[in-house]
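query.pdb (PDB, C-alpha atoms and all ligand atoms)
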```pdb
ATOM      1  CA  MET G  12     141.818 -23.764-130.001
ATOM      2  CA  THR G  13     142.889 -26.632-132.274
ATOM      3  CA  ILE G  14     140.932 -27.747-135.328
ATOM      4  CA  ASN G  15     137.338 -28.857-134.595
ATOM      5  CA  GLU G  16     138.128 -28.795-130.869
ATOM      6  CA  ALA G  17     134.686 -27.600-129.779
ATOM      7  CA  GLN G  18     132.990 -30.295-131.865
ATOM      8  CA  ALA G  19     135.395 -32.981-130.635
ATOM      9  CA  ARG G  20     134.582 -31.998-127.046
ATOM     10  CA  PHE G  21     130.850 -31.981-127.761
ATOM     11  CA  TRP G  22     130.827 -35.347-129.557
ATOM     12  CA  ASN G  23     132.955 -37.012-126.869
ATOM     13  CA  GLY G  24     130.828 -35.537-124.079
ATOM     14  CA  PRO G  25     127.138 -34.713-123.797
ATOM     15  CA  ALA G  26     126.222 -35.521-127.404
ATOM     16  CA  ALA G  27     127.912 -38.928-127.306
ATOM     17  CA  GLU G  28     126.021 -39.830-124.167
ATOM     18  CA  GLY G  29     122.693 -39.055-125.867
ATOM     19  CA  TRP G  30     123.565 -40.859-129.099
ATOM     20  CA  VAL G  31     124.914 -43.940-127.317
ATOM     21  CA  LYS G  32     121.987 -44.228-124.916
ATOM     22  CA  GLY G  33     119.492 -43.448-127.646
ATOM     23  CA  GLN G  34     121.121 -45.551-130.384
ATOM     24  CA  ALA G  35     118.182 -47.919-130.970
ATOM     25  CA  MET G  36     115.634 -45.096-130.917
ATOM     26  CA  LEU G  37     117.714 -42.786-133.141
ATOM     27  CA  ASP G  38     118.464 -45.557-135.630
ATOM     28  CA  GLY G  39     114.759 -46.399-135.776
ATOM     29  CA  MET G  40     113.944 -42.742-136.339
ATOM     30  CA  PHE G  41     116.538 -42.320-139.122
ATOM     31  CA  ALA G  42     116.138 -45.789-140.684
ATOM     32  CA  PRO G  43     114.578 -44.314-143.867
ATOM     33  CA  VAL G  44     117.671 -42.140-144.286
ATOM     34  CA  ALA G  45     120.017 -45.123-143.943
ATOM     35  CA  GLU G  46     117.902 -47.042-146.479
ATOM     36  CA  ARG G  47     118.205 -44.187-148.988
ATOM     37  CA  ILE G  48     121.987 -44.079-148.565
ATOM     38  CA  VAL G  49     122.251 -47.856-149.091
ATOM     39  CA  GLU G  50     120.086 -47.572-152.245
ATOM     40  CA  THR G  51     122.353 -44.834-153.568
ATOM     41  CA  VAL G  52     125.560 -46.724-152.810
ATOM     42  CA  THR G  53     124.297 -49.867-154.553
ATOM     43  CA  GLU G  54     123.392 -47.945-157.732
ATOM     44  CA  ALA G  55     126.983 -48.490-158.923
ATOM     45  CA  PRO G  56     129.831 -50.861-158.040
ATOM     46  CA  ALA G  57     131.468 -50.015-154.692
ATOM     47  CA  ARG G  58     134.507 -51.835-153.352
ATOM     48  CA  ASN G  59     135.846 -49.421-150.770
ATOM     49  CA  VAL G  60     133.368 -47.258-148.888
ATOM     50  CA  LEU G  61     133.991 -44.556-146.265
ATOM     51  CA  ASP G  62     131.168 -43.425-143.950
ATOM     52  CA  VAL G  63     132.109 -39.982-142.561
ATOM     53  CA  GLY G  64     130.892 -39.103-139.054
ATOM     54  CA  CYS G  65     129.565 -42.649-138.760
ATOM     55  CA  GLY G  66     128.632 -42.286-135.072
ATOM     56  CA  THR G  67     127.353 -45.549-133.618
ATOM     57  CA  GLY G  68     127.702 -47.210-137.010
ATOM     58  CA  ALA G  69     124.171 -47.781-138.341
ATOM     59  CA  THR G  70     124.881 -46.601-141.871
ATOM     60  CA  THR G  71     128.297 -48.266-142.108
ATOM     61  CA  LEU G  72     126.791 -51.568-140.979
ATOM     62  CA  ALA G  73     123.793 -51.258-143.319
ATOM     63  CA  ILE G  74     126.112 -50.665-146.291
ATOM     64  CA  SER G  75     128.388 -53.508-145.202
ATOM     65  CA  ARG G  76     125.334 -55.811-145.019
ATOM     66  CA  ALA G  77     124.138 -54.751-148.468
ATOM     67  CA  LEU G  78     127.540 -55.114-150.176
ATOM     68  CA  GLY G  79     128.684 -58.237-148.332
ATOM     69  CA  ASP G  80     132.250 -59.453-148.695
ATOM     70  CA  SER G  81     132.669 -57.733-152.054
ATOM     71  CA  ALA G  82     133.433 -54.399-150.379
ATOM     72  CA  ALA G  83     135.422 -52.954-147.497
ATOM     73  CA  CYS G  84     133.404 -50.526-145.378
ATOM     74  CA  THR G  85     135.020 -48.086-142.984
ATOM     75  CA  GLY G  86     133.298 -45.778-140.536
ATOM     76  CA  LEU G  87     135.242 -42.739-139.354
ATOM     77  CA  ASP G  88     134.335 -40.503-136.441
ATOM     78  CA  ILE G  89     135.852 -38.209-133.803
ATOM     79  CA  SER G  90     133.697 -39.644-131.004
ATOM     80  CA  GLU G  91     135.303 -42.510-129.099
ATOM     81  CA  PRO G  92     132.154 -43.482-127.126
ATOM     82  CA  MET G  93     130.100 -43.643-130.318
ATOM     83  CA  LEU G  94     132.809 -45.657-132.102
ATOM     84  CA  ALA G  95     133.048 -48.087-129.174
ATOM     85  CA  LEU G  96     129.371 -48.891-129.660
ATOM     86  CA  ALA G  97     129.811 -49.111-133.453
ATOM     87  CA  ARG G  98     132.645 -51.641-133.009
ATOM     88  CA  ALA G  99     130.613 -53.708-130.540
ATOM     89  CA  ARG G 100     127.668 -53.755-132.937
ATOM     90  CA  ALA G 101     129.916 -54.849-135.821
ATOM     91  CA  LYS G 102     131.324 -57.658-133.672
ATOM     92  CA  ASP G 103     127.833 -58.811-132.628
ATOM     93  CA  ALA G 104     126.702 -58.789-136.252
ATOM     94  CA  GLY G 105     129.832 -60.598-137.490
ATOM     95  CA  ALA G 106     130.371 -57.673-139.873
ATOM     96  CA  THR G 107     133.758 -56.955-141.437
ATOM     97  CA  ALA G 108     133.266 -53.169-141.234
ATOM     98  CA  GLN G 109     136.169 -51.288-139.630
ATOM     99  CA  PHE G 110     135.923 -48.145-137.515
ATOM    100  CA  ILE G 111     138.596 -45.506-137.057
ATOM    101  CA  ARG G 112     138.782 -42.561-134.721
ATOM    102  CA  ALA G 113     139.921 -39.560-136.729
ATOM    103  CA  ASP G 114     138.944 -36.067-137.779
ATOM    104  CA  ALA G 115     137.699 -36.154-141.374
ATOM    105  CA  GLN G 116     139.107 -32.665-141.904
ATOM    106  CA  THR G 117     142.709 -33.584-141.107
ATOM    107  CA  HIS G 118     143.104 -37.380-141.256
ATOM    108  CA  ALA G 119     145.973 -38.508-143.500
ATOM    109  CA  PHE G 120     143.996 -40.784-145.830
ATOM    110  CA  ALA G 121     145.871 -42.654-148.530
ATOM    111  CA  PRO G 122     145.190 -40.728-151.760
ATOM    112  CA  GLY G 123     142.340 -42.229-153.800
ATOM    113  CA  GLN G 124     141.673 -44.815-151.098
ATOM    114  CA  TYR G 125     137.859 -44.939-151.456
ATOM    115  CA  ASP G 126     135.547 -45.222-154.454
ATOM    116  CA  THR G 127     132.490 -44.136-152.472
ATOM    117  CA  ILE G 128     132.221 -41.668-149.599
ATOM    118  CA  VAL G 129     128.913 -41.360-147.763
ATOM    119  CA  SER G 130     127.508 -39.688-144.691
ATOM    120  CA  ARG G 131     124.263 -39.577-142.774
ATOM    121  CA  PHE G 132     124.294 -36.228-140.978
ATOM    122  CA  GLY G 133     128.042 -36.453-140.234
ATOM    123  CA  ILE G 134     129.518 -33.733-142.471
ATOM    124  CA  MET G 135     127.956 -30.478-141.173
ATOM    125  CA  PHE G 136     130.349 -29.915-138.284
ATOM    126  CA  PHE G 137     133.681 -28.878-139.827
ATOM    127  CA  ASP G 138     135.407 -25.631-138.704
ATOM    128  CA  ASP G 139     136.821 -25.338-142.208
ATOM    129  CA  PRO G 140     134.481 -27.125-144.627
ATOM    130  CA  VAL G 141     136.693 -26.463-147.671
ATOM    131  CA  ALA G 142     139.691 -28.059-145.907
ATOM    132  CA  ALA G 143     137.519 -31.017-144.868
ATOM    133  CA  PHE G 144     135.874 -31.629-148.229
ATOM    134  CA  SER G 145     139.273 -31.172-149.975
ATOM    135  CA  ASN G 146     140.724 -33.832-147.679
ATOM    136  CA  LEU G 147     137.805 -36.168-148.476
ATOM    137  CA  ARG G 148     138.155 -35.462-152.203
ATOM    138  CA  ARG G 149     141.840 -36.469-152.076
ATOM    139  CA  ALA G 150     140.796 -39.660-150.242
ATOM    140  CA  CYS G 151     138.412 -40.484-153.106
ATOM    141  CA  ALA G 152     139.619 -42.173-156.305
ATOM    142  CA  ALA G 153     139.233 -40.169-159.537
ATOM    143  CA  GLY G 154     135.623 -40.581-160.654
ATOM    144  CA  GLY G 155     134.613 -41.774-157.163
ATOM    145  CA  ARG G 156     131.321 -40.735-155.577
ATOM    146  CA  LEU G 157     130.303 -38.521-152.664
ATOM    147  CA  ARG G 158     126.754 -39.212-151.423
ATOM    148  CA  CYS G 159     125.760 -37.390-148.249
ATOM    149  CA  ILE G 160     122.545 -36.575-146.461
ATOM    150  CA  ALA G 161     122.427 -33.243-144.598
ATOM    151  CA  TRP G 162     119.568 -31.194-143.179
ATOM    152  CA  ARG G 163     117.868 -28.503-145.251
ATOM    153  CA  SER G 164     116.982 -25.237-143.484
ATOM    154  CA  MET G 165     115.415 -24.669-140.083
ATOM    155  CA  ALA G 166     112.390 -23.216-141.917
ATOM    156  CA  ASP G 167     112.007 -26.525-143.787
ATOM    157  CA  ASN G 168     112.398 -28.469-140.517
ATOM    158  CA  PRO G 169     110.079 -26.755-137.993
ATOM    159  CA  PHE G 170     109.869 -29.965-135.928
ATOM    160  CA  MET G 171     113.572 -29.730-135.097
ATOM    161  CA  THR G 172     113.261 -26.290-133.495
ATOM    162  CA  THR G 173     109.895 -26.842-131.766
ATOM    163  CA  ALA G 174     111.324 -26.985-128.250
ATOM    164  CA  GLU G 175     113.512 -23.912-128.566
ATOM    165  CA  ARG G 176     110.821 -21.778-130.225
ATOM    166  CA  ALA G 177     108.336 -22.677-127.481
ATOM    167  CA  ALA G 178     110.858 -22.189-124.677
ATOM    168  CA  ALA G 179     112.498 -18.992-125.980
ATOM    169  CA  PRO G 180     110.264 -16.566-124.011
ATOM    170  CA  LEU G 181     111.128 -18.448-120.796
ATOM    171  CA  LEU G 182     114.860 -18.687-121.581
ATOM    172  CA  PRO G 183     115.918 -15.203-122.739
ATOM    173  CA  ASP G 184     119.630 -16.079-122.497
ATOM    174  CA  MET G 185     119.343 -19.135-124.777
ATOM    175  CA  PRO G 186     121.438 -18.402-127.899
ATOM    176  CA  ALA G 187     119.462 -18.601-131.159
ATOM    177  CA  ARG G 188     120.467 -21.484-133.373
ATOM    178  CA  GLU G 189     122.309 -20.492-136.538
ATOM    179  CA  GLU G 190     122.645 -21.902-140.038
ATOM    180  CA  ASP G 191     125.901 -21.914-142.038
ATOM    181  CA  VAL G 192     128.052 -22.524-138.939
ATOM    182  CA  PRO G 193     129.274 -25.942-137.714
ATOM    183  CA  GLY G 194     126.177 -27.714-136.434
ATOM    184  CA  GLN G 195     122.985 -29.442-137.501
ATOM    185  CA  PHE G 196     122.127 -26.843-140.152
ATOM    186  CA  GLY G 197     125.707 -26.156-141.236
ATOM    187  CA  LEU G 198     125.112 -27.196-144.863
ATOM    188  CA  ALA G 199     121.484 -26.067-145.169
ATOM    189  CA  ASP G 200     122.224 -23.397-147.783
ATOM    190  CA  ALA G 201     122.691 -25.305-151.046
ATOM    191  CA  ASP G 202     124.372 -22.381-152.875
ATOM    192  CA  ARG G 203     126.946 -21.975-150.128
ATOM    193  CA  THR G 204     127.575 -25.741-149.889
ATOM    194  CA  ARG G 205     127.866 -25.988-153.677
ATOM    195  CA  ARG G 206     130.638 -23.348-153.529
ATOM    196  CA  ILE G 207     132.350 -25.243-150.681
ATOM    197  CA  LEU G 208     132.357 -28.466-152.709
ATOM    198  CA  ALA G 209     133.497 -26.731-155.907
ATOM    199  CA  ASP G 210     136.312 -24.972-153.996
ATOM    200  CA  SER G 211     137.261 -28.402-152.621
ATOM    201  CA  GLY G 212     137.694 -29.779-156.142
ATOM    202  CA  TRP G 213     134.514 -31.892-156.400
ATOM    203  CA  THR G 214     132.675 -31.902-159.732
ATOM    204  CA  GLY G 215     129.191 -32.952-160.913
ATOM    205  CA  ILE G 216     127.740 -31.373-157.772
ATOM    206  CA  ALA G 217     123.992 -31.840-157.320
ATOM    207  CA  PHE G 218     121.567 -31.156-154.482
ATOM    208  CA  VAL G 219     118.421 -33.277-154.477
ATOM    209  CA  PRO G 220     115.794 -32.362-151.872
ATOM    210  CA  VAL G 221     114.659 -35.536-150.107
ATOM    211  CA  ASP G 222     111.999 -35.809-147.411
ATOM    212  CA  PHE G 223     111.771 -38.667-144.937
ATOM    213  CA  ALA G 224     108.731 -39.630-142.847
ATOM    214  CA  CYS G 225     110.312 -40.297-139.447
ATOM    215  CA  THR G 226     108.832 -41.617-136.231
ATOM    216  CA  MET G 227     109.950 -41.891-132.626
ATOM    217  CA  PRO G 228     108.257 -42.915-129.368
ATOM    218  CA  ALA G 229     106.289 -40.100-127.714
ATOM    219  CA  ALA G 230     107.920 -41.178-124.453
ATOM    220  CA  ALA G 231     111.249 -39.872-125.789
ATOM    221  CA  ILE G 232     110.070 -36.253-126.179
ATOM    222  CA  ASP G 233     111.301 -35.045-122.797
ATOM    223  CA  GLY G 234     114.671 -36.761-122.870
ATOM    224  CA  PHE G 235     115.587 -36.279-126.517
ATOM    225  CA  LEU G 236     113.751 -33.272-127.831
ATOM    226  CA  ILE G 237     113.647 -31.010-124.791
ATOM    227  CA  GLN G 238     116.474 -31.884-122.429
ATOM    228  CA  ARG G 239     119.106 -32.007-125.172
ATOM    229  CA  GLY G 240     120.089 -29.428-127.792
ATOM    230  CA  PRO G 241     119.848 -25.676-127.135
ATOM    231  CA  VAL G 242     117.020 -26.005-124.588
ATOM    232  CA  GLY G 243     118.867 -28.717-122.689
ATOM    233  CA  ALA G 244     121.986 -26.530-122.536
ATOM    234  CA  ALA G 245     119.975 -23.512-121.322
ATOM    235  CA  LEU G 246     118.182 -25.619-118.691
ATOM    236  CA  GLN G 247     121.506 -26.187-116.915
ATOM    237  CA  ASP G 248     121.424 -22.601-115.634
ATOM    238  CA  VAL G 249     117.819 -22.201-114.422
ATOM    239  CA  ASP G 250     115.961 -22.839-111.182
ATOM    240  CA  ASP G 251     113.647 -25.819-110.716
ATOM    241  CA  ALA G 252     110.435 -23.831-111.232
ATOM    242  CA  THR G 253     111.625 -22.398-114.565
ATOM    243  CA  ARG G 254     112.873 -25.815-115.605
ATOM    244  CA  ALA G 255     109.448 -27.371-114.944
ATOM    245  CA  ARG G 256     107.674 -24.544-116.845
ATOM    246  CA  VAL G 257     110.021 -24.877-119.833
ATOM    247  CA  ILE G 258     109.504 -28.633-120.044
ATOM    248  CA  GLU G 259     105.731 -28.297-119.787
ATOM    249  CA  THR G 260     105.607 -25.525-122.423
ATOM    250  CA  ALA G 261     107.914 -27.337-124.845
ATOM    251  CA  ARG G 262     106.047 -30.625-124.355
ATOM    252  CA  ALA G 263     102.762 -28.917-125.260
ATOM    253  CA  ALA G 264     104.336 -27.480-128.409
ATOM    254  CA  PHE G 265     105.008 -30.997-129.734
ATOM    255  CA  ALA G 266     101.291 -31.885-129.543
ATOM    256  CA  PRO G 267     100.670 -31.527-133.304
ATOM    257  CA  TYR G 268     103.309 -34.191-133.947
ATOM    258  CA  VAL G 269     102.032 -36.731-131.396
ATOM    259  CA  HIS G 270      99.788 -39.562-132.657
ATOM    260  CA  GLY G 271      99.024 -41.938-129.795
ATOM    261  CA  ASP G 272     102.343 -43.161-128.479
ATOM    262  CA  GLU G 273     104.226 -42.111-131.596
ATOM    263  CA  VAL G 274     105.764 -38.845-132.768
ATOM    264  CA  ARG G 275     105.684 -38.333-136.541
ATOM    265  CA  PHE G 276     107.648 -35.682-138.383
ATOM    266  CA  ASN G 277     109.146 -34.843-141.726
ATOM    267  CA  ALA G 278     112.925 -34.686-142.045
ATOM    268  CA  ALA G 279     113.674 -32.241-144.880
ATOM    269  CA  CYS G 280     117.149 -33.054-146.177
ATOM    270  CA  TRP G 281     119.533 -32.687-149.076
ATOM    271  CA  MET G 282     121.017 -35.651-150.856
ATOM    272  CA  ILE G 283     124.332 -34.102-151.839
ATOM    273  CA  ARG G 284     125.954 -35.816-154.807
ATOM    274  CA  ALA G 285     129.385 -35.091-156.242
ATOM    275  CA  GLN G 286     132.248 -36.762-158.069
ATOM    276  CA  ALA G 287     135.980 -36.686-157.365
TER     277      ALA G 287
HETATM  278  C1  LIG G 301     124.515 -36.174-136.031
HETATM  279  S1  LIG G 301     125.756 -37.373-135.682
HETATM  280  C2  LIG G 301     125.421 -38.568-136.935
HETATM  281  C3  LIG G 301     126.000 -39.902-136.608
HETATM  282  C4  LIG G 301     125.703 -41.011-137.635
HETATM  283  N1  LIG G 301     126.146 -40.672-138.973
HETATM  284  C5  LIG G 301     124.253 -41.372-137.643
HETATM  285  O1  LIG G 301     123.543 -40.953-138.552
HETATM  286  O2  LIG G 301     123.812 -42.082-136.731
HETATM  287  C6  LIG G 301     127.199 -36.547-136.294
HETATM  288  C7  LIG G 301     128.478 -37.347-136.199
HETATM  289  O3  LIG G 301     129.544 -36.642-136.843
HETATM  290  C8  LIG G 301     130.733 -36.829-136.090
HETATM  291  N2  LIG G 301     131.699 -35.767-136.415
HETATM  292  C9  LIG G 301     131.582 -34.440-136.181
HETATM  293  N3  LIG G 301     132.667 -33.795-136.622
HETATM  294  C10 LIG G 301     133.501 -34.730-137.159
HETATM  295  C11 LIG G 301     134.795 -34.666-137.765
HETATM  296  N4  LIG G 301     135.451 -33.515-137.911
HETATM  297  N5  LIG G 301     135.352 -35.822-138.213
HETATM  298  C12 LIG G 301     134.692 -37.015-138.046
HETATM  299  N6  LIG G 301     133.475 -37.125-137.465
HETATM  300  C13 LIG G 301     132.889 -36.000-137.042
HETATM  301  C14 LIG G 301     130.231 -36.790-134.653
HETATM  302  O4  LIG G 301     131.150 -37.336-133.732
HETATM  303  C15 LIG G 301     128.936 -37.585-134.771
HETATM  304  O5  LIG G 301     129.141 -38.957-134.561
END
```
The structure in this file should be written as structure tokens.
Ligand SMILES: C[S@@+](CC[C@H](N)C(=O)[O-])C[C@H]1O[C@@H](n2cnc3c(N)ncnc32)[C@H](O)[C@@H]1O
Amino acid sequence: MTINEAQARFWNGPAAEGWVKGQAMLDGMFAPVAERIVETVTEAPARNVLDVGCGTGATTLAISRALGDSAACTGLDISEPMLALARARAKDAGATAQFIRADAQTHAFAPGQYDTIVSRFGIMFFDDPVAAFSNLRRACAAGGRLRCIAWRSMADNPFMTTAERAAAPLLPDMPAREEDVPGQFGLADADRTRRILADSGWTGIAFVPVDFACTMPAAAIDGFLIQRGPVGAALQDVDDATRARVIETARAAFAPYVHGDEVRFNAACWMIRAQA
């Protein structure tokens, strides 16, 4: 297997489909996270910004809007379908942001190319995090900033595992989700991630816990919270009756989060700050 091959396949396949179709809903849900990243970027001068794992481009475009013509903003991602949407959105918005398809772990950046490197949930997926964060550190000018948002632990984010916890008794073959491996909770352990960043040559490393009040339409529960992720994968291999029971059980488990036609949940994250 080549570097990040499994993730590249995932983010150019089933995950891309979900993120492209659900772009407006997902960007609405994670708007508070994008706002926090923009606030952080604008705390200090930024002329050349890289958004790692930019996906469909919401954060790149928000930063580009906030900084205007004074800064160059680049989004980088391994997912072509997500980048295609990001480019179309930039064109529609008349934004100067650029998007490149590349693997952040291996891309040959010009040394010291960026003064600010950011990410909204795009840096937890590397096979070799030290290689990836070393590559990003080399891409950052001396004294430049890393400002990334990543998920804290599964225990801090019970909403995110609601479907799989409810469905587990009905899906005995569903693999349990893990932390500290490439995936949503890959950087949840602050001590481990601090070591990764230090080994990658970053300094001034700080982890600030940040919580975001997020909302999404209740109508999206089935499609986005149940039929994707670990439950969605496990549902591929079951009969129709089991499938219907799983969906009903998982749907019921979301009840505490449903308020009328809206789902409300807390996103427990780290703001990871470091300096090149
Ligand atoms: C959870 S999505 C977040 C997307 C976007 N930042 C957002 O918040 O809407 C994770 C993104 O990281 C990208 N990604 C995963 N591994 C990557 C890698 N090695 N290099 C670049 N992008 C990567 C995926 O393709 C995906 O777009």
Contact residues around range 96-105 of chain G with only C-alpha atoms at 7 Å, ignoring same-chain residues under 6 positions, as number ranges by chain | G: 67-68, 72
Within-8 Å residues of ligand LIG 301 (chain G), basis only C-alpha atoms and all ligand atoms, as a ChimeraX atom specification | /G:15,18-19,22-23,27,30,34,37-38,41,45,62-70,87-90,93,112-117,130-138,143,195
For Arg206 in chain G, which residue out of G:Val44, G:Val141, G:Ala230, G:Val274 is the nearest one, using only C-alpha atoms?
->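 Under the stated criterion, the closest residue is G:Val141.
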Atomic distance CA of Glu54 in chain G - CA of Gly123 in chain G, expressed in Å with one decimal |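 Taking CA of Glu54 in chain G as the start and CA of Gly123 in chain G as the end point, the length is 20.2 Å.
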Determine the residue set returned by the PyMOL selection byres (((chain G and resi 271) around 12) and not hetatm) for the present structure, and present it as a list in words.
->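 Residues picked by the PyMOL selection byres (((chain G and resi 271) around 12) and not hetatm): Thr226, Met227, Pro228, Ala229, Ala230, Ala266, Pro267, Tyr268, Val269, His270, Asp272, Glu273, Val274 and Arg275 of chain G.
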Can you write just those residues out, C-alpha atoms, as a short mmCIF file (atom, residue, chain, number, x, y, z; two decimals), keeping the file's coordinate frame?
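Final file, again.cif:
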```
data_model
loop_
_atom_site.label_atom_id
_atom_site.label_comp_id
_atom_site.auth_asym_id
_atom_site.auth_seq_id
_atom_site.Cartn_x
_atom_site.Cartn_y
_atom_site.Cartn_z
CA THR G 226 108.83 -41.62 -136.23
CA MET G 227 109.95 -41.89 -132.63
CA PRO G 228 108.26 -42.92 -129.37
CA ALA G 229 106.29 -40.10 -127.71
CA ALA G 230 107.92 -41.18 -124.45
CA ALA G 266 101.29 -31.88 -129.54
CA PRO G 267 100.67 -31.53 -133.30
CA TYR G 268 103.31 -34.19 -133.95
CA VAL G 269 102.03 -36.73 -131.40
CA HIS G 270 99.79 -39.56 -132.66
CA ASP G 272 102.34 -43.16 -128.48
CA GLU G 273 104.23 -42.11 -131.60
CA VAL G 274 105.76 -38.84 -132.77
CA ARG G 275 105.68 -38.33 -136.54
#
```
For Ala245 in chain G, which residue among G:Gly24, G:Pro140, G:Pro169, G:Pro183 is the nearest when counting only C-alpha atoms?
->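 The shortest atom-to-atom distance to Ala245 in chain G comes from G:Pro183.
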Between G:Ala224, G:Leu198, G:Met12, G:Ala17, which one has atoms that come closest to Asn277 in chain G, using only C-alpha atoms?
->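 Once distances to Asn277 in chain G are computed over only C-alpha atoms, the minimum belongs to G:Ala224.
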Residue IDs satisfying the PyMOL selection byres (((chain G and resi 145) around 8) and not hetatm), as JSON, numbers by chain | {"G": [141, 142, 143, 144, 146, 147, 148, 149, 208, 210, 211, 212]}
So, counting all atoms listed in the file, which residue among G:Pro56, G:Pro220, G:Gly155, G:Gly29 is closest to Met282 in chain G?
->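 Looking at the shortest contact to Met282 in chain G, the residue is G:Pro220.
The shortest atom-to-atom distance to Val60 in chain G, with all atoms listed in the file taken into account, belongs to G:Cys151 out of G:Val31, G:Met40, G:Cys151, G:Ala95.
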As a check of understanding: the span from CA of Phe223 in chain G to CA of Asn168 in chain G is 11.1 Å
In Å, how far is it from CA of Thr127 in chain G to CA of Phe196 in chain G?
->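 If I compute the distance from CA of Thr127 in chain G to CA of Phe196 in chain G, I get 23.6 Å.
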Selection: 12 Å around Gln247 in chain G, all atoms listed in the file, excl. self and same-chain fewer than 3 positions, as a JSON list (two decimals) with C-alpha atoms, in the coordinates of the input:
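Writing the result to result.json gives the following:
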```json
[["chain", "number", "residue", "atom", "x", "y", "z"],
["G", 182, "LEU", "CA", 114.86, -18.69, -121.58],
["G", 184, "ASP", "CA", 119.63, -16.08, -122.50],
["G", 185, "MET", "CA", 119.34, -19.14, -124.78],
["G", 238, "GLN", "CA", 116.47, -31.88, -122.43],
["G", 239, "ARG", "CA", 119.11, -32.01, -125.17],
["G", 240, "GLY", "CA", 120.09, -29.43, -127.79],
["G", 241, "PRO", "CA", 119.85, -25.68, -127.14],
["G", 242, "VAL", "CA", 117.02, -26.00, -124.59],
["G", 243, "GLY", "CA", 118.87, -28.72, -122.69],
["G", 244, "ALA", "CA", 121.99, -26.53, -122.54],
["G", 250, "ASP", "CA", 115.96, -22.84, -111.18],
["G", 251, "ASP", "CA", 113.65, -25.82, -110.72],
["G", 253, "THR", "CA", 111.62, -22.40, -114.56],
["G", 254, "ARG", "CA", 112.87, -25.82, -115.60],
["G", 257, "VAL", "CA", 110.02, -24.88, -119.83]]
```
Enclose the full set of atoms of range 197-207 of chain G listed in the file within a box whose edges lie along x, y and z, apply 4 Å of padding to each of the six sides, and report centre and edge lengths in Å to one decimal as lines of an AutoDock Vina configuration file.
```
center_x = 126.9
center_y = -24.6
center_z = -147.5
size_x = 18.9
size_y = 13.2
size_z = 20.4
```
Determine the residue set returned by the PyMOL selection byres (((chain G and resi 85) around 7) and not hetatm) for the present structure, and present it as a PyMOL selection string.
-> chain G and resi 60-62+71+83-84+86-87+108-110
Could those residues be written to a file, using C-alpha atoms, as an mmCIF file, in the coordinates of the input?
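See again.cif below for the written result:
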```
data_model
loop_
_atom_site.group_PDB
_atom_site.id
_atom_site.type_symbol
_atom_site.label_atom_id
_atom_site.label_comp_id
_atom_site.auth_asym_id
_atom_site.auth_seq_id
_atom_site.Cartn_x
_atom_site.Cartn_y
_atom_site.Cartn_z
ATOM 1 C CA VAL G 60 133.368 -47.258 -148.888
ATOM 2 C CA LEU G 61 133.991 -44.556 -146.265
ATOM 3 C CA ASP G 62 131.168 -43.425 -143.950
ATOM 4 C CA THR G 71 128.297 -48.266 -142.108
ATOM 5 C CA ALA G 83 135.422 -52.954 -147.497
ATOM 6 C CA CYS G 84 133.404 -50.526 -145.378
ATOM 7 C CA GLY G 86 133.298 -45.778 -140.536
ATOM 8 C CA LEU G 87 135.242 -42.739 -139.354
ATOM 9 C CA ALA G 108 133.266 -53.169 -141.234
ATOM 10 C CA GLN G 109 136.169 -51.288 -139.630
ATOM 11 C CA PHE G 110 135.923 -48.145 -137.515
#
```
Counting all atoms listed in the file, select every polymer residue within 8 Å of (111.4, -22.5, -123.3) as defined in the file's coordinates, and provide the selection as a list in words.
-> Ala174, Glu175, Arg176, Ala177, Ala178, Ala179, Pro180, Leu181, Leu182, Val242, Arg256, Val257, Ile258, Thr260 and Ala261 of chain G
Please write the residues from the selection above to a file, keeping C-alpha atoms, as an mmCIF file, in the coordinates of the input.
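Dumped to out-v3.cif:
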```
data_model
loop_
_atom_site.group_PDB
_atom_site.id
_atom_site.type_symbol
_atom_site.label_atom_id
_atom_site.label_comp_id
_atom_site.auth_asym_id
_atom_site.auth_seq_id
_atom_site.Cartn_x
_atom_site.Cartn_y
_atom_site.Cartn_z
ATOM 1 C CA ALA G 174 111.324 -26.985 -128.250
ATOM 2 C CA GLU G 175 113.512 -23.912 -128.566
ATOM 3 C CA ARG G 176 110.821 -21.778 -130.225
ATOM 4 C CA ALA G 177 108.336 -22.677 -127.481
ATOM 5 C CA ALA G 178 110.858 -22.189 -124.677
ATOM 6 C CA ALA G 179 112.498 -18.992 -125.980
ATOM 7 C CA PRO G 180 110.264 -16.566 -124.011
ATOM 8 C CA LEU G 181 111.128 -18.448 -120.796
ATOM 9 C CA LEU G 182 114.860 -18.687 -121.581
ATOM 10 C CA VAL G 242 117.020 -26.005 -124.588
ATOM 11 C CA ARG G 256 107.674 -24.544 -116.845
ATOM 12 C CA VAL G 257 110.021 -24.877 -119.833
ATOM 13 C CA ILE G 258 109.504 -28.633 -120.044
ATOM 14 C CA THR G 260 105.607 -25.525 -122.423
ATOM 15 C CA ALA G 261 107.914 -27.337 -124.845
#
```
Which residues come within 10 Å of Thr214 in chain G, counting only C-alpha atoms, excluding same-chain residues fewer than 3 positions away, as a list in words?
-> Arg148, Gly154, Arg156, Leu157, Arg205, Leu208, Ala209, Asp210, Ser211, Ala217, Arg284, Ala285, Gln286 and Ala287 of chain G
